[in-house]
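Participant: Sharing query.cif (mmCIF, C-alpha atoms) below.
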data_run
#
loop_
_atom_site.group_PDB
_atom_site.id
_atom_site.type_symbol
_atom_site.label_atom_id
_atom_site.label_comp_id
_atom_site.auth_asym_id
_atom_site.auth_seq_id
_atom_site.Cartn_x
_atom_site.Cartn_y
_atom_site.Cartn_z
ATOM 1 C CA MET A 127 0.789 57.247 -15.767
ATOM 2 C CA LYS A 128 1.139 57.488 -19.534
ATOM 3 C CA SER A 129 4.008 54.973 -19.562
ATOM 4 C CA SER A 130 1.941 52.355 -17.703
ATOM 5 C CA ASN A 131 -0.964 52.876 -20.131
ATOM 6 C CA PHE A 132 1.470 52.425 -22.993
ATOM 7 C CA ALA A 133 2.796 49.197 -21.460
ATOM 8 C CA VAL A 134 -0.734 47.832 -21.058
ATOM 9 C CA ALA A 135 -1.610 48.799 -24.626
ATOM 10 C CA ALA A 136 1.564 47.155 -25.916
ATOM 11 C CA ALA A 137 0.823 43.968 -23.984
ATOM 12 C CA LEU A 138 -2.717 43.876 -25.374
ATOM 13 C CA ALA A 139 -1.402 44.405 -28.915
ATOM 14 C CA LEU A 140 1.104 41.553 -28.497
ATOM 15 C CA ALA A 141 -1.635 39.290 -27.117
ATOM 16 C CA ALA A 142 -3.836 40.090 -30.125
ATOM 17 C CA ILE A 143 -0.966 39.279 -32.505
ATOM 18 C CA ASN A 144 -0.319 35.983 -30.675
ATOM 19 C CA ILE A 145 -3.995 35.033 -30.833
ATOM 20 C CA ALA A 146 -4.058 35.769 -34.573
ATOM 21 C CA ALA A 147 -0.940 33.634 -35.089
ATOM 22 C CA ALA A 148 -2.437 30.842 -32.993
ATOM 23 C CA ASP A 149 -4.993 30.107 -35.716
ATOM 24 C CA ASP A 150 -2.322 28.028 -37.461
ATOM 25 C CA LEU A 151 -1.298 26.322 -34.225
ATOM 26 C CA LYS A 152 -2.182 22.630 -33.918
ATOM 27 C CA ILE A 153 -2.639 21.614 -30.283
ATOM 28 C CA GLY A 154 -3.426 18.246 -28.716
ATOM 29 C CA VAL A 155 -4.046 17.125 -25.159
ATOM 30 C CA VAL A 156 -3.556 13.679 -23.597
ATOM 31 C CA ASN A 157 -5.389 12.531 -20.468
ATOM 32 C CA LEU A 158 -2.618 10.562 -18.799
ATOM 33 C CA GLU A 159 -4.913 9.175 -16.105
ATOM 34 C CA ARG A 160 -7.075 7.555 -18.783
ATOM 35 C CA VAL A 161 -3.997 6.190 -20.537
ATOM 36 C CA LEU A 162 -2.844 4.571 -17.283
ATOM 37 C CA ARG A 163 -6.309 3.129 -16.706
ATOM 38 C CA GLU A 164 -7.171 1.911 -20.226
ATOM 39 C CA ALA A 165 -3.978 1.305 -22.198
ATOM 40 C CA VAL A 166 -2.982 -2.323 -22.761
ATOM 41 C CA PRO A 167 0.556 -1.938 -21.305
ATOM 42 C CA ALA A 168 -0.864 -0.322 -18.151
ATOM 43 C CA ILE A 169 -3.455 -3.080 -17.736
ATOM 44 C CA ASN A 170 -0.784 -5.731 -18.303
ATOM 45 C CA ALA A 171 1.494 -4.057 -15.752
ATOM 46 C CA GLN A 172 -1.312 -4.058 -13.178
ATOM 47 C CA LYS A 173 -2.008 -7.758 -13.773
ATOM 48 C CA LYS A 174 1.700 -8.529 -13.532
ATOM 49 C CA LEU A 175 1.922 -6.706 -10.182
ATOM 50 C CA GLU A 176 -1.175 -8.453 -8.828
ATOM 51 C CA LYS A 177 0.307 -11.837 -9.765
ATOM 52 C CA GLU A 178 3.726 -10.906 -8.374
ATOM 53 C CA PHE A 179 2.328 -9.844 -4.989
ATOM 54 C CA ALA A 180 -0.533 -12.346 -4.640
ATOM 55 C CA ALA A 181 1.409 -14.743 -2.385
ATOM 56 C CA ARG A 182 2.481 -11.979 -0.025
ATOM 57 C CA GLU A 183 -1.049 -10.599 0.096
ATOM 58 C CA GLN A 184 -2.355 -14.057 1.041
ATOM 59 C CA GLU A 185 0.349 -14.312 3.709
ATOM 60 C CA LEU A 186 -0.819 -10.978 5.149
ATOM 61 C CA GLN A 187 -4.435 -12.139 5.164
ATOM 62 C CA LYS A 188 -3.427 -15.359 6.915
ATOM 63 C CA ALA A 189 -1.465 -13.443 9.570
ATOM 64 C CA SER A 190 -4.405 -11.076 10.096
ATOM 65 C CA LYS A 191 -6.755 -14.018 10.608
ATOM 66 C CA GLN A 192 -4.354 -15.614 13.094
ATOM 67 C CA ILE A 193 -4.219 -12.368 15.083
ATOM 68 C CA LYS A 194 -8.014 -12.067 15.128
ATOM 69 C CA ASP A 195 -8.389 -15.702 16.164
ATOM 70 C CA LEU A 196 -5.844 -15.332 18.971
ATOM 71 C CA GLN A 197 -7.532 -12.126 20.154
ATOM 72 C CA ALA A 198 -10.936 -13.851 20.135
ATOM 73 C CA ALA A 199 -9.544 -16.842 22.050
ATOM 74 C CA LEU A 200 -7.896 -14.530 24.558
ATOM 75 C CA ASP A 201 -11.135 -12.583 25.066
ATOM 76 C CA LYS A 202 -13.127 -15.813 25.421
ATOM 77 C CA GLU A 203 -10.719 -17.554 27.823
ATOM 78 C CA ASN A 204 -9.652 -14.453 29.750
ATOM 79 C CA ALA A 205 -11.586 -15.388 32.900
ATOM 80 C CA THR A 206 -10.344 -18.999 32.992
ATOM 81 C CA LEU A 207 -6.651 -18.356 32.240
ATOM 82 C CA SER A 208 -4.069 -18.035 34.946
ATOM 83 C CA GLU A 209 -2.180 -14.735 35.129
ATOM 84 C CA SER A 210 0.969 -16.241 33.594
ATOM 85 C CA GLU A 211 -0.961 -17.937 30.734
ATOM 86 C CA ARG A 212 -2.872 -14.735 29.985
ATOM 87 C CA ARG A 213 0.349 -12.685 29.979
ATOM 88 C CA ALA A 214 2.042 -15.223 27.672
ATOM 89 C CA LYS A 215 -0.871 -15.095 25.215
ATOM 90 C CA GLU A 216 -0.918 -11.281 25.336
ATOM 91 C CA GLN A 217 2.818 -11.239 24.600
ATOM 92 C CA ASP A 218 2.265 -13.632 21.668
ATOM 93 C CA LEU A 219 -0.496 -11.372 20.392
ATOM 94 C CA ALA A 220 1.692 -8.263 20.731
ATOM 95 C CA ARG A 221 4.579 -9.995 18.919
ATOM 96 C CA MET A 222 2.246 -11.170 16.152
ATOM 97 C CA ASN A 223 0.864 -7.632 15.782
ATOM 98 C CA LEU A 224 4.363 -6.199 15.456
ATOM 99 C CA ASP A 225 5.318 -8.841 12.909
ATOM 100 C CA TYR A 226 2.119 -8.173 10.976
ATOM 101 C CA GLN A 227 2.725 -4.415 10.940
ATOM 102 C CA ARG A 228 6.288 -4.971 9.719
ATOM 103 C CA MET A 229 5.059 -7.332 6.993
ATOM 104 C CA GLN A 230 2.421 -4.793 5.929
ATOM 105 C CA ARG A 231 4.967 -1.959 5.783
ATOM 106 C CA GLU A 232 7.434 -4.043 3.754
ATOM 107 C CA TYR A 233 4.640 -5.162 1.434
ATOM 108 C CA ARG A 234 3.490 -1.574 0.827
ATOM 109 C CA GLU A 235 7.047 -0.355 0.235
ATOM 110 C CA ASP A 236 7.856 -3.187 -2.180
ATOM 111 C CA ALA A 237 4.523 -2.890 -3.992
ATOM 112 C CA ASN A 238 4.907 0.882 -4.369
ATOM 113 C CA LEU A 239 8.452 0.509 -5.648
ATOM 114 C CA ARG A 240 7.430 -2.082 -8.235
ATOM 115 C CA ARG A 241 4.320 -0.069 -9.219
ATOM 116 C CA ASN A 242 6.501 2.994 -9.777
ATOM 117 C CA GLU A 243 8.912 0.944 -11.897
ATOM 118 C CA GLU A 244 6.090 -0.433 -14.034
ATOM 119 C CA LEU A 245 4.407 2.974 -14.380
ATOM 120 C CA ALA A 246 7.713 4.550 -15.392
ATOM 121 C CA SER A 247 7.947 2.010 -18.201
ATOM 122 C CA VAL A 248 4.386 2.779 -19.330
ATOM 123 C CA PHE A 249 5.039 6.544 -19.101
ATOM 124 C CA GLU A 250 8.184 6.200 -21.179
ATOM 125 C CA ARG A 251 6.388 4.249 -23.861
ATOM 126 C CA ALA A 252 3.392 6.627 -23.803
ATOM 127 C CA ASN A 253 5.704 9.615 -24.232
ATOM 128 C CA LYS A 254 7.332 7.967 -27.252
ATOM 129 C CA VAL A 255 3.898 7.307 -28.753
ATOM 130 C CA VAL A 256 2.843 10.917 -28.129
ATOM 131 C CA GLN A 257 6.033 12.149 -29.819
ATOM 132 C CA GLU A 258 5.397 9.866 -32.810
ATOM 133 C CA ILE A 259 1.819 11.167 -33.103
ATOM 134 C CA ALA A 260 3.061 14.746 -32.798
ATOM 135 C CA THR A 261 5.611 14.232 -35.563
ATOM 136 C CA THR A 262 3.347 12.244 -37.875
ATOM 137 C CA GLU A 263 0.343 14.546 -37.541
ATOM 138 C CA LYS A 264 2.417 17.755 -37.339
ATOM 139 C CA PHE A 265 1.270 18.972 -33.922
ATOM 140 C CA ASP A 266 2.858 22.170 -32.631
ATOM 141 C CA LEU A 267 2.041 21.477 -29.002
ATOM 142 C CA ILE A 268 0.769 18.482 -27.029
ATOM 143 C CA LEU A 269 -0.110 18.905 -23.377
ATOM 144 C CA GLN A 270 -0.583 16.233 -20.747
ATOM 145 C CA ASP A 271 -3.669 16.611 -18.599
ATOM 146 C CA ALA A 272 -5.804 19.693 -18.276
ATOM 147 C CA VAL A 273 -8.807 20.850 -16.319
ATOM 148 C CA TYR A 274 -10.911 20.719 -19.465
ATOM 149 C CA ILE A 275 -10.144 19.013 -22.770
ATOM 150 C CA SER A 276 -12.217 19.684 -25.849
ATOM 151 C CA PRO A 277 -12.929 16.468 -27.758
ATOM 152 C CA ARG A 278 -11.604 18.298 -30.832
ATOM 153 C CA ILE A 279 -8.040 18.371 -29.440
ATOM 154 C CA ASP A 280 -8.143 15.248 -27.215
ATOM 155 C CA ILE A 281 -5.718 12.664 -28.632
ATOM 156 C CA THR A 282 -5.993 10.241 -25.694
ATOM 157 C CA ASP A 283 -7.807 7.601 -27.764
ATOM 158 C CA LYS A 284 -5.053 7.721 -30.395
ATOM 159 C CA VAL A 285 -2.411 7.209 -27.716
ATOM 160 C CA ILE A 286 -4.304 4.294 -26.119
ATOM 161 C CA LYS A 287 -4.780 2.686 -29.534
ATOM 162 C CA ALA A 288 -1.111 3.148 -30.442
ATOM 163 C CA LEU A 289 -0.014 1.651 -27.117
ATOM 164 C CA ALA A 290 -2.040 -1.474 -27.901
ATOM 165 C CA GLU A 291 0.248 -2.129 -30.860
ATOM 166 C CA PRO A 292 3.667 -3.723 -30.382
ATOM 167 C CA PRO A 293 6.415 -1.141 -29.818
ATOM 168 C CA SER A 294 8.254 -0.040 -32.935
ATOM 169 C CA LYS A 295 12.007 -0.352 -32.907
#
Starting from the file, lay out its structure as structure tokens.

Facilitator:
Amino acid sequence: MKSSNFAVAAALALAAINIAAADDLKIGVVNLERVLREAVPAINAQKKLEKEFAAREQELQKASKQIKDLQAALDKENATLSESERRAKEQDLARMNLDYQRMQREYREDANLRRNEELASVFERANKVVQEIATTEKFDLILQDAVYISPRIDITDKVIKALAEPPSK
């Protein structure tokens, strides 16, 4: 029993020493979600992706409209169509649905891949900026994201501002 009390007392003493030493510690926190939402490179990457995938998105919208139109025509003409005509139109509709689903899946996969590539580039640049800020301003520790960030240690605005400037070589 005495040894466990000693261990607890020792742990408390070490914690008190660490807290006293932490007074000299300079800590910063970066909200990465805000950086990815507000930083110029992130905004530019999003615009680039939207432009890159605009044609495919329009193609998907066109295919969706064609499917809806064919479904509406089939519903409207169902009573007047012969069995073979109705079956042919249903087969066309099923084929178009399969093609549309394949196009959607490929679009999502390609868009996610490109988004990840662009975000990786922004992350890499943001990490370099954070390291430059840490070195320049003599931070001991910089964390990314937290449940709560005091405005006193939040360096997100500095990172966003630094990312707006052209990259240093």

Participant: Taking the file as shown, find all residues satisfying the PyMOL selection byres ((chain A and resi 241-257) around 9) and write them as a list in words.

Facilitator: Val156, Leu158, Val161, Leu162, Ala165, Pro167, Ala168, Ala171, Gln172, Leu175, Asp236, Ala237, Asn238, Leu239, Arg240, Glu258, Ile259, Ala260, Thr261, Thr262, Ile268, Ile281, Lys284, Val285, Ile286, Ala288, Leu289 and Pro293 of chain A

Participant: Go through the shown structure with the PyMOL selection byres ((chain A and resi 221-232) around 9) and write out the matching residues as a compact mmCIF listing (two decimals) with C-alpha atoms, in the coordinates of the input.

Facilitator:
# COMPACT_ATOMS: atom_id res chain seq x y z
CA ARG A 182 2.48 -11.98 -0.02
CA GLU A 183 -1.05 -10.60 0.10
CA LEU A 186 -0.82 -10.98 5.15
CA ALA A 189 -1.46 -13.44 9.57
CA SER A 190 -4.40 -11.08 10.10
CA GLN A 192 -4.35 -15.61 13.09
CA ILE A 193 -4.22 -12.37 15.08
CA GLU A 216 -0.92 -11.28 25.34
CA GLN A 217 2.82 -11.24 24.60
CA ASP A 218 2.26 -13.63 21.67
CA LEU A 219 -0.50 -11.37 20.39
CA ALA A 220 1.69 -8.26 20.73
CA TYR A 233 4.64 -5.16 1.43
CA ARG A 234 3.49 -1.57 0.83
CA GLU A 235 7.05 -0.36 0.24
CA ASP A 236 7.86 -3.19 -2.18
CA ALA A 237 4.52 -2.89 -3.99

Participant: So which residues touch Asp266 of chain A within 8 Å, counting all atoms listed in the file, skipping near sequence neighbours fewer than 5 positions away, as a compact mmCIF listing (two decimals) with C-alpha atoms, in the coordinates of the input?

Facilitator:
# COMPACT_ATOMS: atom_id res chain seq x y z
CA LEU A 151 -1.30 26.32 -34.22
CA LYS A 152 -2.18 22.63 -33.92
CA ILE A 153 -2.64 21.61 -30.28
CA ALA A 260 3.06 14.75 -32.80

Participant: Between A:Glu211, A:Thr282, A:Glu291, A:Phe179, single out the one closest to Arg163 of chain A, counting all atoms listed in the file.

Facilitator: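 Among A:Glu211, A:Thr282, A:Glu291, A:Phe179, it is A:Thr282 that comes nearest to Arg163 of chain A.
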
Participant: Would you compute an axis-aligned box for segment 175-191 of chain A, covering every atom listed for it in the file with 8 Å of margin on each side, and report centre and edge lengths in Å to one decimal as JSON?

Facilitator:
{"center_x": -1.5, "center_y": -11.0, "center_z": 0.2, "size_x": 26.5, "size_y": 24.7, "size_z": 36.8}

Participant: Between A:Phe265, A:Ala180, A:Asn170, A:Lys215, which one has atoms that come closest to Gln197 of chain A, using all atoms listed in the file?

Facilitator: A:Lys215

Participant: Could you pull the residues within 8 Å of Ile279 of chain A, counting all atoms listed in the file, minus those fewer than 2 positions along the same chain, as a PyMOL selection string?

Facilitator: chain A and resi 153-155+275-277+281

Participant: What gap, in Å, lies between atom CA of Val166 of chain A and atom CA of Arg278 of chain A?

Facilitator: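 So the two atoms, atom CA of Val166 of chain A and atom CA of Arg278 of chain A, lie 23.8 Å apart.
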